[in-house]
file run_10.cif (mmCIF, C-alpha atoms and all ligand atoms)
data_coords
#
loop_
_atom_site.label_atom_id
_atom_site.label_comp_id
_atom_site.auth_asym_id
_atom_site.auth_seq_id
_atom_site.Cartn_x
_atom_site.Cartn_y
_atom_site.Cartn_z
CA MET H 1 -193.44 14.99 117.00
CA ARG H 2 -190.60 15.46 114.55
CA LYS H 3 -190.35 12.77 111.90
CA THR H 4 -186.98 11.00 111.77
CA LEU H 5 -184.75 12.06 108.89
CA VAL H 6 -181.98 9.75 107.69
CA VAL H 7 -179.47 11.20 105.23
CA GLY H 8 -176.87 9.11 103.44
CA ASN H 9 -173.73 11.10 102.66
CA TRP H 10 -171.85 9.01 100.12
CA LYS H 11 -168.84 11.33 100.27
CA MET H 12 -166.43 10.59 97.36
CA HIS H 13 -167.76 7.11 96.61
CA GLY H 14 -169.60 6.06 93.49
CA GLY H 15 -169.47 4.47 90.06
CA LYS H 16 -172.42 4.24 87.66
CA ALA H 17 -172.94 0.52 88.27
CA PHE H 18 -172.58 0.95 92.03
CA VAL H 19 -175.17 3.75 92.10
CA GLU H 20 -177.58 1.77 89.92
CA SER H 21 -177.34 -1.25 92.17
CA LEU H 22 -177.46 0.61 95.51
CA LEU H 23 -180.48 2.67 94.49
CA SER H 24 -182.42 -0.23 93.05
CA ASP H 25 -181.77 -2.22 96.24
CA LEU H 26 -182.91 0.71 98.38
CA LYS H 27 -186.04 1.22 96.31
CA SER H 28 -186.97 -2.41 96.80
CA LEU H 29 -186.36 -2.16 100.57
CA GLY H 30 -188.41 1.02 101.21
CA PRO H 31 -190.66 2.75 102.10
CA TRP H 32 -189.78 3.66 105.68
CA SER H 33 -191.39 5.56 108.50
CA SER H 34 -188.36 7.91 108.37
CA ASP H 35 -187.81 10.51 105.67
CA VAL H 36 -184.85 9.27 103.62
CA VAL H 37 -182.34 11.24 101.55
CA VAL H 38 -179.20 10.28 99.63
CA CYS H 39 -176.41 12.73 98.80
CA PRO H 40 -174.22 11.31 96.02
CA PRO H 41 -171.15 12.93 94.44
CA LEU H 42 -172.44 15.46 91.90
CA PRO H 43 -171.79 13.43 88.71
CA TYR H 44 -174.47 10.98 89.89
CA LEU H 45 -177.18 13.56 90.59
CA ALA H 46 -178.86 13.07 87.20
CA GLN H 47 -178.77 9.30 87.75
CA CYS H 48 -180.49 9.81 91.12
CA GLU H 49 -183.14 11.95 89.47
CA ARG H 50 -183.76 9.27 86.85
CA LEU H 51 -183.85 6.36 89.29
CA LEU H 52 -185.50 7.95 92.31
CA SER H 53 -188.23 10.16 90.85
CA GLY H 54 -191.54 8.97 92.23
CA SER H 55 -189.85 6.93 94.99
CA PRO H 56 -189.91 7.79 98.71
CA ILE H 57 -186.17 8.61 98.55
CA ALA H 58 -185.16 12.26 98.11
CA TRP H 59 -181.71 13.37 96.98
CA GLY H 60 -179.37 16.25 97.58
CA SER H 61 -175.81 17.50 97.26
CA GLN H 62 -172.86 17.31 99.65
CA ASP H 63 -172.07 21.01 99.27
CA VAL H 64 -173.41 24.08 97.49
CA SER H 65 -171.91 27.33 96.29
CA ALA H 66 -172.45 30.53 98.25
CA HIS H 67 -173.11 32.12 94.82
CA ASN H 68 -176.52 31.68 93.26
CA GLY H 69 -177.62 31.59 89.65
CA GLN H 70 -174.84 31.26 87.05
CA GLY H 71 -171.48 32.97 86.81
CA ALA H 72 -167.70 32.79 86.51
CA TYR H 73 -167.05 30.61 89.56
CA THR H 74 -164.92 27.70 88.35
CA GLY H 75 -165.66 24.45 90.14
CA GLU H 76 -168.69 25.80 91.98
CA VAL H 77 -172.24 24.45 91.69
CA SER H 78 -175.09 26.74 92.69
CA ALA H 79 -178.38 25.83 94.31
CA THR H 80 -180.01 27.08 91.11
CA LEU H 81 -178.25 24.36 89.10
CA LEU H 82 -178.89 21.66 91.70
CA LYS H 83 -182.61 22.40 91.68
CA GLU H 84 -182.80 21.55 87.98
CA PHE H 85 -181.92 17.94 88.91
CA GLY H 86 -184.65 17.70 91.53
CA ALA H 87 -182.32 18.06 94.52
CA ARG H 88 -184.16 19.00 97.71
CA TYR H 89 -181.33 19.14 100.24
CA ALA H 90 -177.73 20.39 100.41
CA ILE H 91 -175.26 19.44 103.12
CA VAL H 92 -173.17 22.45 104.14
CA GLY H 93 -170.27 22.87 106.55
CA HIS H 94 -169.36 19.20 106.81
CA SER H 95 -166.21 18.92 108.92
CA GLU H 96 -164.37 17.47 105.90
CA ARG H 97 -165.13 20.69 103.99
CA ARG H 98 -164.16 22.79 107.00
CA THR H 99 -160.87 20.86 107.38
CA TYR H 100 -159.76 20.20 103.78
CA HIS H 101 -161.25 23.27 102.12
CA ALA H 102 -160.79 25.82 104.90
CA GLU H 103 -164.50 26.62 105.16
CA ASN H 104 -165.30 28.88 108.09
CA ASP H 105 -168.55 29.61 109.92
CA GLN H 106 -169.23 32.68 107.80
CA LEU H 107 -168.88 30.83 104.50
CA VAL H 108 -171.00 27.94 105.80
CA ALA H 109 -173.75 30.42 106.74
CA ALA H 110 -173.52 32.04 103.28
CA LYS H 111 -173.91 28.63 101.67
CA ALA H 112 -176.94 27.83 103.82
CA LYS H 113 -178.45 31.18 102.85
CA ALA H 114 -177.84 30.53 99.14
CA ALA H 115 -179.50 27.11 99.46
CA LEU H 116 -182.57 28.56 101.17
CA ALA H 117 -182.85 31.26 98.51
CA GLN H 118 -183.58 28.45 96.04
CA ASP H 119 -185.74 26.49 98.50
CA LEU H 120 -183.12 23.80 98.98
CA ILE H 121 -183.05 22.63 102.59
CA PRO H 122 -179.55 23.08 104.03
CA ILE H 123 -178.27 20.36 106.34
CA VAL H 124 -175.80 22.39 108.37
CA CYS H 125 -173.08 20.43 110.15
CA VAL H 126 -171.54 21.45 113.46
CA GLY H 127 -169.22 19.56 115.77
CA GLU H 128 -166.08 19.63 117.84
CA THR H 129 -162.71 17.95 117.32
CA ARG H 130 -161.29 15.49 119.80
CA ALA H 131 -158.88 18.14 121.15
CA GLU H 132 -161.74 20.59 121.62
CA ARG H 133 -163.79 18.00 123.52
CA GLU H 134 -160.88 17.03 125.72
CA ALA H 135 -160.28 20.70 126.51
CA GLY H 136 -163.94 21.05 127.56
CA HIS H 137 -164.81 23.31 124.64
CA THR H 138 -167.58 21.26 122.98
CA GLU H 139 -170.39 23.60 123.92
CA ALA H 140 -168.49 26.76 123.02
CA VAL H 141 -167.52 25.39 119.60
CA VAL H 142 -170.97 24.21 118.52
CA GLN H 143 -172.64 27.33 119.90
CA ARG H 144 -170.23 29.52 117.92
CA GLN H 145 -170.92 27.52 114.74
CA LEU H 146 -174.70 27.61 115.20
CA GLY H 147 -174.65 31.23 116.42
CA THR H 148 -173.11 32.44 113.15
CA LEU H 149 -175.81 30.59 111.24
CA ILE H 150 -178.60 32.07 113.36
CA ARG H 151 -177.26 35.61 112.93
CA ASN H 152 -177.08 35.20 109.16
CA LEU H 153 -180.36 33.41 108.50
CA GLY H 154 -182.66 35.35 110.81
CA ALA H 155 -186.19 33.91 110.85
CA ARG H 156 -185.27 31.34 108.17
CA ILE H 157 -183.23 29.43 110.77
CA GLY H 158 -186.47 27.51 111.41
CA GLU H 159 -186.20 25.97 107.91
CA VAL H 160 -182.82 24.28 108.22
CA VAL H 161 -181.74 20.83 109.33
CA VAL H 162 -178.83 20.80 111.79
CA ALA H 163 -176.41 17.87 111.99
CA TYR H 164 -174.26 17.43 115.07
CA GLU H 165 -171.18 15.46 114.08
CA PRO H 166 -168.41 15.18 116.64
CA VAL H 167 -165.36 15.12 114.38
CA TRP H 168 -163.70 12.42 116.49
CA ALA H 169 -166.62 10.05 115.78
CA ILE H 170 -166.59 10.36 111.97
CA GLY H 171 -165.43 7.20 110.21
CA THR H 172 -163.58 6.07 113.34
CA GLY H 173 -166.02 3.52 114.74
CA LEU H 174 -166.15 5.70 117.88
CA THR H 175 -169.73 6.85 118.44
CA ALA H 176 -170.82 9.46 120.94
CA THR H 177 -173.00 7.69 123.50
CA PRO H 178 -176.70 8.48 123.10
CA GLU H 179 -176.43 10.51 126.32
CA GLN H 180 -173.38 12.48 125.13
CA ALA H 181 -175.11 13.26 121.84
CA GLN H 182 -178.43 14.12 123.50
CA GLU H 183 -176.70 16.58 125.83
CA VAL H 184 -175.29 18.53 122.86
CA HIS H 185 -178.53 18.25 120.87
CA ALA H 186 -180.54 19.66 123.80
CA ARG H 187 -178.17 22.66 124.01
CA LEU H 188 -178.45 23.24 120.27
CA ARG H 189 -182.24 23.07 120.54
CA GLN H 190 -182.22 25.67 123.35
CA GLN H 191 -180.05 27.97 121.26
CA LEU H 192 -182.38 27.56 118.27
CA LEU H 193 -185.48 28.13 120.39
CA ALA H 194 -184.01 31.33 121.77
CA ALA H 195 -183.90 32.54 118.14
CA THR H 196 -187.33 31.36 116.98
CA PRO H 197 -190.19 29.25 118.33
CA ALA H 198 -190.21 27.53 114.91
CA ALA H 199 -187.06 25.75 116.09
CA ALA H 200 -189.26 23.24 117.89
CA GLN H 201 -189.71 21.69 114.42
CA VAL H 202 -186.06 21.84 113.34
CA ARG H 203 -184.60 18.38 112.95
CA ILE H 204 -181.24 17.90 114.62
CA LEU H 205 -179.42 14.86 113.22
CA TYR H 206 -176.55 12.99 114.81
CA GLY H 207 -173.64 11.85 112.64
CA GLY H 208 -170.53 9.85 113.41
CA SER H 209 -170.29 6.06 113.07
CA VAL H 210 -174.06 5.47 113.10
CA LYS H 211 -174.65 1.77 112.38
CA PRO H 212 -177.65 -0.57 112.44
CA GLU H 213 -176.52 -1.63 115.94
CA ASN H 214 -176.66 1.83 117.54
CA ALA H 215 -179.21 3.74 115.44
CA ALA H 216 -182.37 2.91 117.43
CA GLN H 217 -180.82 3.93 120.73
CA LEU H 218 -179.55 7.21 119.29
CA PHE H 219 -182.86 8.00 117.56
CA SER H 220 -184.84 7.32 120.75
CA GLN H 221 -183.26 10.35 122.47
CA PRO H 222 -185.68 13.27 122.73
CA ASP H 223 -183.61 15.72 120.68
CA ILE H 224 -182.02 13.33 118.18
CA ASP H 225 -184.22 13.45 115.11
CA GLY H 226 -182.28 11.17 112.80
CA GLY H 227 -178.83 10.65 111.39
CA LEU H 228 -176.27 11.79 108.86
CA ILE H 229 -174.77 8.53 107.75
CA GLY H 230 -171.42 8.03 106.01
CA GLY H 231 -169.96 4.54 105.66
CA ALA H 232 -173.16 2.65 106.47
CA ALA H 233 -175.03 4.55 103.73
CA LEU H 234 -173.01 2.68 101.10
CA LYS H 235 -174.51 -0.69 102.02
CA ALA H 236 -178.20 -1.07 101.21
CA ALA H 237 -178.93 -3.50 104.04
CA ASP H 238 -177.23 -1.30 106.67
CA PHE H 239 -178.82 1.91 105.42
CA ASP H 240 -182.23 0.22 105.32
CA ALA H 241 -181.81 -0.99 108.91
CA ILE H 242 -180.88 2.54 110.04
CA CYS H 243 -183.91 4.00 108.23
CA ARG H 244 -186.09 1.41 109.98
CA ALA H 245 -184.76 2.54 113.37
CA GLY H 246 -186.55 5.88 112.95
CA HIS H 247 -190.11 6.90 113.71
O1 LIG X 301 -171.62 12.71 106.82
C1 LIG X 301 -171.48 11.67 107.47
C2 LIG X 301 -170.58 11.61 108.59
O2 LIG X 301 -169.38 12.27 108.37
C3 LIG X 301 -170.47 10.31 109.30
O3 LIG X 301 -169.64 9.42 108.64
P1 LIG X 301 -169.54 7.91 109.21
O4 LIG X 301 -170.94 7.41 109.38
O5 LIG X 301 -168.76 7.17 108.18
O6 LIG X 301 -168.83 8.02 110.53
#

call {"tool": "encode", "arguments": {"input": "run_10.cif", "output": "structure tokens"}}
result
Amino acid sequence: MRKTLVVGNWKMHGGKAFVESLLSDLKSLGPWSSDVVVCPPLPYLAQCERLLSGSPIAWGSQDVSAHNGQGAYTGEVSATLLKEFGARYAIVGHSERRTYHAENDQLVAAKAKAALAQDLIPIVCVGETRAEREAGHTEAVVQRQLGTLIRNLGARIGEVVVAYEPVWAIGTGLTATPEQAQEVHARLRQQLLAATPAAAQVRILYGGSVKPENAAQLFSQPDIDGGLIGGAALKAADFDAICRAGH
């Protein structure tokens, strides 16, 4: 059985005092049966390393450069640099990066590859917009996104985490029903399994308005292996309750 993974994506929220207080609250609330990760804005990565080392909470970044090592890439942060701060995960291809920073499937795959090259686990986001769902294109969109990743990663596809985030459910309070999400997750699983039997172990997270009230029902679906949490990850009590909903 795949262990539940709950990832808090803080997006562009922070503040030194806020981070200190949120992490000390979380540390006092854990441990959980789920694996738990927080992804702060980069300036707080060192603070996470200081406060979370030795705790059951892992940390990661919200993005990673497609370039590894060091170099003249203004504004970019490589997996090599992230590793120095103890990061274990990197979210790539979040719909906010795809929308506001014009990231395409090819760049997302290159970022995932760069993360894996440094043994950072990429959490690769896929998902359709509301217009794409209404036009009946959900399956085609997520299969295209995942297909590019599979072609680029080869056998290493078995080492990623996939996050299905319907764009229309992010930060809107609209959640895909557990059945709607499970249907997409099962298709993603089939696509992964066609590439490698190791995909049976790949964790496929659901993201989009996950709250303490709906987490247990979502996580009880056979192919939903946890959540990528936005807003609710900023409140210790809510994030704790979501982590407790896992197995
Ligand atoms: O990365 C997290 C997702 O975009 C979900 O955000 P949300 O829980 O605020 O809807």

call {"tool": "residues_near_ligand", "arguments": {"input": "run_10.cif", "ligand": "ligand LIG 301 (chain X)", "cutoff": "10 Å", "atoms": "only C-alpha atoms and all ligand atoms", "output": "ChimeraX atom specification"}}
result
/H:7-11,39,62,91,94-96,125,163-175,206-211,227-234

call {"tool": "closest_residue", "arguments": {"input": "run_10.cif", "among": "H:His247, H:His67, H:Arg133, H:Lys27", "to": "H:Cys48", "atoms": "all atoms listed in the file"}}
result
H:Lys27

call {"tool": "atom_distance", "arguments": {"input": "run_10.cif", "atom1": "atom CA of H:Pro31", "atom2": "atom CA of H:Cys243"}}
result
9.2 Å

call {"tool": "atom_distance", "arguments": {"input": "run_10.cif", "atom1": "atom CA of H:Leu82", "atom2": "atom CA of H:Val64"}}
result
8.3 Å

call {"tool": "residues_around", "arguments": {"input": "run_10.cif", "residues": "H:Gln106", "least_positions_apart": "4", "cutoff": "12 Å", "atoms": "all atoms listed in the file", "output": "PyMOL selection string"}}
result
chain H and resi 66+92-93+98+102+110-113+144-153

call {"tool": "atom_distance", "arguments": {"input": "run_10.cif", "atom1": "atom CA of H:Gly246", "atom2": "atom CA of H:Val36"}}
result
10.1 Å

call {"tool": "residues_around", "arguments": {"input": "run_10.cif", "residues": "H:Val161", "least_positions_apart": "4", "cutoff": "7 Å", "atoms": "only C-alpha atoms", "output": "NGL selection string"}}
result
:H and (122-124 or 202-204)

call {"tool": "residues_around", "arguments": {"input": "run_10.cif", "residues": "H:Val77", "least_positions_apart": "6", "cutoff": "10 Å", "atoms": "all atoms listed in the file", "output": "CSV table (one decimal) with C-alpha atoms, in the coordinates of the input"}}
result
chain,number,residue,atom,x,y,z
H,42,LEU,CA,-172.4,15.5,91.9
H,61,SER,CA,-175.8,17.5,97.3
H,63,ASP,CA,-172.1,21.0,99.3
H,64,VAL,CA,-173.4,24.1,97.5
H,65,SER,CA,-171.9,27.3,96.3
H,66,ALA,CA,-172.4,30.5,98.2
H,67,HIS,CA,-173.1,32.1,94.8
H,68,ASN,CA,-176.5,31.7,93.3
H,69,GLY,CA,-177.6,31.6,89.6
H,70,GLN,CA,-174.8,31.3,87.0
H,71,GLY,CA,-171.5,33.0,86.8

call {"tool": "closest_residue", "arguments": {"input": "run_10.cif", "among": "H:Thr129, H:Thr196, H:Gln221, H:Ser53", "to": "H:Pro178", "atoms": "all atoms listed in the file"}}
result
H:Gln221

call {"tool": "closest_residue", "arguments": {"input": "run_10.cif", "among": "H:Ser28, H:Thr4, H:Thr138, H:Ser33", "to": "H:Ala236", "atoms": "all atoms listed in the file"}}
result
H:Ser28

call {"tool": "residues_around", "arguments": {"input": "run_10.cif", "residues": "H:Ile121", "least_positions_apart": "2", "cutoff": "9 Å", "atoms": "only C-alpha atoms", "output": "list in words"}}
result
Gly60, Arg88, Tyr89, Ala90, Ile91, Ala112, Ala115, Leu116, Gln118, Asp119, Ile123, Glu159, Val160 and Val161 of chain H

call {"tool": "decode", "arguments": {"input": "run_10.cif", "residues": "stretch 94-223 of chain H", "atoms": "C-alpha atoms", "output": "short mmCIF file (atom, residue, chain, number, x, y, z; two decimals), in the first residue's frame"}}
result
data_model
loop_
_atom_site.label_atom_id
_atom_site.label_comp_id
_atom_site.auth_asym_id
_atom_site.auth_seq_id
_atom_site.Cartn_x
_atom_site.Cartn_y
_atom_site.Cartn_z
CA HIS H 94 2.21 24.05 -10.87
CA SER H 95 -0.61 25.62 -12.87
CA GLU H 96 0.33 29.03 -11.46
CA ARG H 97 3.80 28.62 -13.00
CA ARG H 98 2.28 27.37 -16.25
CA THR H 99 -0.13 30.33 -16.36
CA TYR H 100 1.93 33.27 -15.03
CA HIS H 101 5.36 32.16 -16.21
CA ALA H 102 4.43 30.49 -19.50
CA GLU H 103 5.89 27.13 -18.51
CA ASN H 104 5.10 24.41 -21.03
CA ASP H 105 5.15 20.62 -20.78
CA GLN H 106 8.68 20.42 -22.17
CA LEU H 107 10.12 22.86 -19.63
CA VAL H 108 8.25 21.13 -16.80
CA ALA H 109 9.77 17.79 -17.86
CA ALA H 110 13.25 19.38 -18.01
CA LYS H 111 12.78 20.72 -14.49
CA ALA H 112 11.70 17.30 -13.22
CA LYS H 113 14.75 15.76 -14.87
CA ALA H 114 17.06 18.34 -13.28
CA ALA H 115 15.52 17.63 -9.86
CA LEU H 116 15.99 13.87 -10.23
CA ALA H 117 19.60 14.37 -11.31
CA GLN H 118 20.25 15.72 -7.80
CA ASP H 119 18.00 13.14 -6.12
CA LEU H 120 15.31 15.69 -5.34
CA ILE H 121 11.86 14.16 -5.74
CA PRO H 122 9.83 16.18 -8.25
CA ILE H 123 6.15 16.69 -7.49
CA VAL H 124 4.85 17.19 -11.01
CA CYS H 125 1.52 18.97 -11.35
CA VAL H 126 -1.00 18.28 -14.09
CA GLY H 127 -4.58 19.45 -14.48
CA GLU H 128 -7.18 20.94 -16.76
CA THR H 129 -8.80 24.37 -16.77
CA ARG H 130 -12.52 24.85 -16.35
CA ALA H 131 -12.93 25.50 -20.10
CA GLU H 132 -11.02 22.32 -20.93
CA ARG H 133 -13.21 20.27 -18.57
CA GLU H 134 -16.40 21.76 -19.95
CA ALA H 135 -15.23 20.97 -23.48
CA GLY H 136 -14.65 17.33 -22.43
CA HIS H 137 -10.88 17.58 -22.79
CA THR H 138 -9.79 16.66 -19.25
CA GLU H 139 -8.32 13.30 -20.17
CA ALA H 140 -6.55 14.57 -23.28
CA VAL H 141 -4.96 17.46 -21.38
CA VAL H 142 -3.62 15.48 -18.43
CA GLN H 143 -2.45 12.64 -20.68
CA ARG H 144 -0.53 15.12 -22.84
CA GLN H 145 1.08 16.67 -19.75
CA LEU H 146 2.01 13.31 -18.23
CA GLY H 147 3.01 11.86 -21.62
CA THR H 148 5.68 14.52 -22.12
CA LEU H 149 7.06 13.73 -18.68
CA ILE H 150 7.14 9.99 -19.35
CA ARG H 151 8.94 10.46 -22.67
CA ASN H 152 11.58 12.67 -21.06
CA LEU H 153 12.21 10.74 -17.85
CA GLY H 154 12.22 7.19 -19.18
CA ALA H 155 12.59 4.61 -16.40
CA ARG H 156 12.96 7.37 -13.77
CA ILE H 157 9.25 8.16 -14.12
CA GLY H 158 8.78 5.62 -11.30
CA GLU H 159 10.58 8.02 -8.91
CA VAL H 160 8.31 11.05 -9.23
CA VAL H 161 5.23 12.18 -7.35
CA VAL H 162 2.35 13.31 -9.58
CA ALA H 163 -0.18 15.90 -8.41
CA TYR H 164 -3.52 16.18 -10.17
CA GLU H 165 -4.83 19.69 -9.66
CA PRO H 166 -7.89 20.71 -11.64
CA VAL H 167 -7.17 24.40 -12.19
CA TRP H 168 -10.81 25.31 -11.54
CA ALA H 169 -10.57 23.85 -8.02
CA ILE H 170 -7.46 25.77 -6.90
CA GLY H 171 -8.20 28.39 -4.25
CA THR H 172 -11.83 28.56 -5.33
CA GLY H 173 -13.49 26.44 -2.65
CA LEU H 174 -14.70 24.19 -5.50
CA THR H 175 -13.33 20.68 -4.96
CA ALA H 176 -13.50 17.87 -7.48
CA THR H 177 -15.72 15.18 -5.96
CA PRO H 178 -13.76 12.15 -4.74
CA GLU H 179 -15.25 10.23 -7.68
CA GLN H 180 -14.27 12.87 -10.25
CA ALA H 181 -10.74 12.97 -8.88
CA GLN H 182 -10.46 9.18 -8.64
CA GLU H 183 -11.50 8.81 -12.28
CA VAL H 184 -8.62 11.04 -13.42
CA HIS H 185 -6.16 9.47 -10.97
CA ALA H 186 -7.00 5.97 -12.24
CA ARG H 187 -6.33 7.08 -15.83
CA LEU H 188 -3.03 8.65 -14.80
CA ARG H 189 -2.08 5.44 -13.01
CA GLN H 190 -2.85 3.38 -16.15
CA GLN H 191 -0.71 5.69 -18.24
CA LEU H 192 2.15 5.43 -15.75
CA LEU H 193 1.84 1.64 -15.54
CA ALA H 194 2.02 1.37 -19.31
CA ALA H 195 5.44 3.05 -19.01
CA THR H 196 6.84 1.11 -16.04
CA PRO H 197 5.60 -1.44 -13.51
CA ALA H 198 7.32 0.74 -10.86
CA ALA H 199 4.41 3.14 -11.31
CA ALA H 200 2.39 1.00 -8.92
CA GLN H 201 4.39 2.80 -6.20
CA VAL H 202 4.09 6.32 -7.62
CA ARG H 203 2.05 8.55 -5.36
CA ILE H 204 -0.61 10.56 -7.14
CA LEU H 205 -1.77 13.50 -5.03
CA TYR H 206 -4.96 15.49 -5.43
CA GLY H 207 -4.86 19.28 -5.07
CA GLY H 208 -7.56 21.91 -5.18
CA SER H 209 -9.42 23.20 -2.11
CA VAL H 210 -8.51 20.22 0.10
CA LYS H 211 -9.76 20.99 3.64
CA PRO H 212 -10.08 19.05 6.89
CA GLU H 213 -13.73 18.43 5.95
CA ASN H 214 -13.06 16.66 2.64
CA ALA H 215 -9.56 15.19 3.04
CA ALA H 216 -10.50 11.77 4.46
CA GLN H 217 -13.02 11.08 1.70
CA LEU H 218 -10.56 12.09 -1.00
CA PHE H 219 -7.70 10.07 0.52
CA SER H 220 -9.88 6.97 0.83
CA GLN H 221 -10.10 6.65 -2.97
CA PRO H 222 -7.92 3.82 -4.30
CA ASP H 223 -5.69 6.00 -6.49
#
